file run_4.cif (mmCIF, C-alpha atoms (C1' of nucleotides))
data_coords
#
loop_
_atom_site.label_atom_id
_atom_site.label_comp_id
_atom_site.auth_asym_id
_atom_site.auth_seq_id
_atom_site.Cartn_x
_atom_site.Cartn_y
_atom_site.Cartn_z
CA MET A 1 249.29 307.32 360.44
CA ALA A 2 247.46 309.57 358.16
CA VAL A 3 244.39 307.40 357.58
CA PHE A 4 241.62 309.32 355.89
CA SER A 5 237.99 309.28 356.90
CA GLU A 6 236.74 312.63 355.58
CA PRO A 7 238.48 314.10 352.47
CA GLY A 8 239.49 317.77 352.43
CA GLU A 9 239.48 320.35 349.63
CA TYR A 10 242.97 319.34 348.62
CA THR A 11 241.79 315.77 348.11
CA GLU A 12 238.88 316.89 345.93
CA ARG A 13 241.23 318.90 343.70
CA VAL A 14 243.57 315.96 343.22
CA LEU A 15 240.75 313.55 342.43
CA ASP A 16 239.28 316.03 339.94
CA VAL A 17 242.55 316.27 338.03
CA VAL A 18 243.25 312.53 338.07
CA GLU A 19 239.76 311.73 336.81
CA SER A 20 240.20 314.31 334.05
CA ILE A 21 243.23 312.47 332.66
CA PRO A 22 242.21 310.79 329.35
CA PRO A 23 243.07 307.13 328.67
CA GLY A 24 246.51 306.55 327.22
CA ARG A 25 247.90 309.60 329.02
CA VAL A 26 249.89 309.90 332.25
CA MET A 27 250.88 312.71 334.61
CA THR A 28 253.47 312.97 337.34
CA TYR A 29 252.48 313.59 340.95
CA GLY A 30 254.22 316.95 340.81
CA ASP A 31 252.34 318.00 337.66
CA VAL A 32 248.99 316.98 339.12
CA ALA A 33 249.69 319.02 342.22
CA ALA A 34 250.86 321.95 340.10
CA VAL A 35 247.53 322.01 338.22
CA PHE A 36 245.58 323.33 341.17
CA GLY A 37 248.54 325.42 342.31
CA ARG A 38 249.29 323.47 345.44
CA PRO A 39 252.76 321.86 345.35
CA GLY A 40 252.91 318.69 347.37
CA ALA A 41 253.65 315.59 345.36
CA ARG A 42 253.55 313.56 348.57
CA ALA A 43 250.09 314.79 349.41
CA VAL A 44 248.91 313.76 345.94
CA GLY A 45 250.15 310.23 346.56
CA MET A 46 248.20 310.09 349.80
CA VAL A 47 245.00 311.11 348.03
CA LEU A 48 245.42 308.37 345.45
CA ARG A 49 246.11 305.86 348.19
CA TYR A 50 242.91 306.99 349.88
CA SER A 51 240.75 307.04 346.75
CA GLY A 52 242.92 304.66 344.77
CA GLY A 53 239.83 302.61 344.05
CA THR A 54 237.64 305.41 342.73
CA VAL A 55 240.14 307.16 340.42
CA PRO A 56 242.57 305.99 337.67
CA TRP A 57 245.61 306.21 339.93
CA TRP A 58 247.68 304.23 337.40
CA ARG A 59 247.61 307.29 335.11
CA VAL A 60 249.55 309.14 337.80
CA ILE A 61 253.22 308.23 337.91
CA ARG A 62 256.45 309.53 339.43
CA SER A 63 258.95 311.78 337.71
CA GLY A 64 260.85 310.33 334.77
CA GLY A 65 258.11 307.85 333.89
CA HIS A 66 258.49 305.47 336.79
CA PRO A 67 255.32 303.77 338.11
CA PRO A 68 254.04 304.21 341.70
CA ALA A 69 255.94 302.42 344.44
CA GLY A 70 254.58 299.00 345.27
CA LYS A 71 251.90 299.25 342.58
CA SER A 72 254.17 298.89 339.53
CA ALA A 73 252.75 295.48 338.63
CA GLU A 74 249.15 296.68 339.02
CA ALA A 75 249.89 299.79 336.98
CA LEU A 76 251.59 297.79 334.23
CA ALA A 77 248.41 295.78 333.66
CA GLN A 78 246.46 299.03 333.29
CA TYR A 79 248.92 300.55 330.80
CA GLU A 80 248.67 297.56 328.50
CA ARG A 81 244.89 297.55 328.86
CA GLU A 82 244.57 301.31 328.21
CA GLY A 83 247.25 301.21 325.53
CA THR A 84 249.48 303.72 327.27
CA PRO A 85 252.69 304.50 325.30
CA MET A 86 255.56 302.84 327.08
CA LEU A 87 258.97 301.42 326.37
CA PRO A 88 259.10 297.59 326.46
CA CYS A 89 262.34 295.67 326.22
CA ASP A 90 263.47 297.13 329.51
CA SER A 91 265.46 294.91 331.82
CA ASP A 92 266.29 296.48 335.16
CA ALA A 93 262.95 297.91 336.24
CA GLY A 94 260.94 295.54 334.01
CA TYR A 95 259.39 298.40 332.05
CA ARG A 96 259.39 302.17 331.65
CA ILE A 97 256.54 304.46 330.67
CA ASP A 98 257.07 306.57 327.53
CA TYR A 99 256.41 309.77 329.42
CA ASP A 100 257.80 311.68 326.43
CA SER A 101 254.65 310.79 324.47
CA ALA A 102 252.17 309.87 327.20
CA ALA A 103 252.57 313.05 329.21
CA TRP A 104 249.27 314.94 329.31
CA LEU A 105 249.14 318.58 330.37
CA PRO A 106 245.62 320.02 331.03
"C1'" DA B 1 249.93 323.53 368.50
"C1'" DC B 2 253.27 319.43 368.05
"C1'" DC B 3 254.76 315.14 366.16
"C1'" DT B 4 254.32 311.09 362.92
"C1'" DT B 5 253.23 309.04 358.56
"C1'" DG B 6 252.89 308.75 353.36
"C1'" DA B 7 251.65 305.32 346.23
"C1'" DC B 8 257.04 312.04 346.24
"C1'" DC B 9 260.96 315.05 344.32
"C1'" DC B 10 265.61 316.85 344.06
"C1'" DT B 11 270.49 316.93 344.89
"C1'" DA B 12 274.75 314.72 346.34
"C1'" DC B 13 278.01 310.84 347.06
"C1'" DA C 1 273.36 303.39 337.99
"C1'" DG C 2 272.33 302.78 342.73
"C1'" DT C 3 272.09 304.54 347.46
"C1'" DA C 4 271.61 308.34 350.95
"C1'" DG C 5 269.89 312.47 352.79
"C1'" DG C 6 266.95 316.58 353.11
"C1'" DG C 7 262.80 319.23 351.95
"C1'" DC C 8 258.04 319.79 350.09
"C1'" DC C 9 252.76 319.47 351.52
"C1'" DA C 10 248.50 317.49 353.81
"C1'" DA C 11 245.92 315.04 357.41
"C1'" DG C 12 245.62 312.03 361.76
"C1'" DG C 13 246.27 311.54 366.65
#
call {"tool": "encode", "arguments": {"input": "run_4.cif", "output": "structure tokens"}}
result
Amino acid sequence: MAVFSEPGEYTERVLDVVESIPPGRVMTYGDVAAVFGRPGARAVGMVLRYSGGTVPWWRVIRSGGHPPAGKSAEALAQYEREGTPMLPCDSDAGYRIDYDSAAWLP
DNA sequence: ACCTTGACCCTAC
DNA sequence: AGTAGGGCCAAGG
């Protein structure tokens, strides 16, 4: 189990990007990783899981505008609090983020 | 150096 | 639209 104790350079890069995301904006794991030129969407998710209490992880979502796995309810509360553009009136997944307007590229 | 795990992504059925 | 499989990277043990 990859349980972190000492973050590496990769972790610092991810945290820097996530913290730089303004309120009301969201980025996909792949885009965040692409910012520092280190593909690895999975690795990005691990970093957020590690520092998920020190960075706005809810502003980082999966491709297509789907919220993080297992944290969809927690993220939903943040989106409404931050005023993140999203599409209500959804039925299957409960809600969907309006990535078309909330997408933020640094 | 090798194998396992993880809040992913893409393509195919 | 939902499910299944493979591939991507990083860090732990």
call {"tool": "residues_around", "arguments": {"input": "run_4.cif", "residues": "A:Gly37", "least_positions_apart": "4", "cutoff": "12 Å", "atoms": "only C-alpha atoms (C1' of nucleotides)", "output": "PyMOL selection string"}}
result
(chain A and resi 10+13-14+17+30-33+41) or (chain C and resi 9)
call {"tool": "resolve_selection", "arguments": {"input": "run_4.cif", "expression": "the PyMOL selection byres ((chain C) within 7 of (chain A))", "output": "PDB file with C-alpha atoms (C1' of nucleotides), keeping the file's coordinate frame"}}
result
ATOM      1  C1'  DC C   8     258.040 319.790 350.090  1.00  0.00           C
ATOM      2  C1'  DC C   9     252.760 319.470 351.520  1.00  0.00           C
ATOM      3  C1'  DA C  10     248.500 317.490 353.810  1.00  0.00           C
ATOM      4  C1'  DA C  11     245.920 315.040 357.410  1.00  0.00           C
ATOM      5  C1'  DG C  12     245.620 312.030 361.760  1.00  0.00           C
TER       6       DG C  12
END
call {"tool": "residues_around", "arguments": {"input": "run_4.cif", "residues": "A:Lys71", "least_positions_apart": "4", "cutoff": "12 Å", "atoms": "only C-alpha atoms (C1' of nucleotides)", "output": "PyMOL selection string"}}
result
(chain A and resi 45+48-49+52+57-62+66-67+75-78) or (chain B and resi 7)
call {"tool": "interface_residues", "arguments": {"input": "run_4.cif", "of": "chain B", "to": "chain A", "cutoff": "10 Å", "atoms": "all atoms listed in the file", "output": "ChimeraX atom specification"}}
result
/B:4-9
call {"tool": "resolve_selection", "arguments": {"input": "run_4.cif", "expression": "the PyMOL selection byres ((chain A and resi 106) around 12)", "output": "list in words"}}
result
Asp16, Val17, Val18, Glu19, Ser20, Ile21, Pro22, Arg25, Val26, Met27, Asp31, Val32, Ala33, Ala34, Val35, Phe36, Ala103, Trp104 and Leu105 of chain A
call {"tool": "atom_distance", "arguments": {"input": "run_4.cif", "atom1": "atom CA of A:Ile97", "atom2": "atom CA of A:Glu74"}}
result
13.6 Å
call {"tool": "residues_around", "arguments": {"input": "run_4.cif", "residues": "B:DA12", "least_positions_apart": "3", "cutoff": "12 Å", "atoms": "only C-alpha atoms (C1' of nucleotides)", "output": "PDB file with C-alpha atoms (C1' of nucleotides), keeping the file's coordinate frame"}}
result
ATOM      1  C1'  DT C   3     272.090 304.540 347.460  1.00  0.00           C
ATOM      2  C1'  DA C   4     271.610 308.340 350.950  1.00  0.00           C
ATOM      3  C1'  DG C   5     269.890 312.470 352.790  1.00  0.00           C
ATOM      4  C1'  DG C   6     266.950 316.580 353.110  1.00  0.00           C
TER       5       DG C   6
END
call {"tool": "resolve_selection", "arguments": {"input": "run_4.cif", "expression": "the PyMOL selection byres ((chain A and resi 83-85) around 8)", "output": "list in words"}}
result
Pro23, Gly24, Arg25, Val26, Tyr79, Glu80, Arg81, Glu82, Met86, Leu87, Ile97, Asp98, Tyr99, Ser101 and Ala102 of chain A
call {"tool": "atom_distance", "arguments": {"input": "run_4.cif", "atom1": "atom C1' of C:DG2", "atom2": "atom CA of A:Ala73"}}
result
21.3 Å
call {"tool": "atom_distance", "arguments": {"input": "run_4.cif", "atom1": "atom C1' of B:DC10", "atom2": "atom CA of A:Tyr95"}}
result
22.9 Å
call {"tool": "decode", "arguments": {"input": "run_4.cif", "residues": "chain B", "atoms": "C-alpha atoms (C1' of nucleotides)", "output": "mmCIF file, in the first residue's frame"}}
result
data_model
loop_
_atom_site.group_PDB
_atom_site.id
_atom_site.type_symbol
_atom_site.label_atom_id
_atom_site.label_comp_id
_atom_site.auth_asym_id
_atom_site.auth_seq_id
_atom_site.Cartn_x
_atom_site.Cartn_y
_atom_site.Cartn_z
ATOM 1 C "C1'" DA B 1 15.429 -4.261 -8.496
ATOM 2 C "C1'" DC B 2 10.617 -6.476 -8.127
ATOM 3 C "C1'" DC B 3 5.857 -6.487 -6.888
ATOM 4 C "C1'" DT B 4 1.533 -4.279 -4.996
ATOM 5 C "C1'" DT B 5 -1.564 -0.488 -4.396
ATOM 6 C "C1'" DG B 6 -4.160 3.839 -5.753
ATOM 7 C "C1'" DA B 7 -9.533 9.736 -5.077
ATOM 8 C "C1'" DC B 8 -7.242 7.687 -13.129
ATOM 9 C "C1'" DC B 9 -7.883 7.453 -18.379
ATOM 10 C "C1'" DC B 10 -8.946 5.281 -22.746
ATOM 11 C "C1'" DT B 11 -10.831 1.812 -25.746
ATOM 12 C "C1'" DA B 12 -13.778 -2.146 -26.594
ATOM 13 C "C1'" DC B 13 -17.821 -5.221 -25.912
#
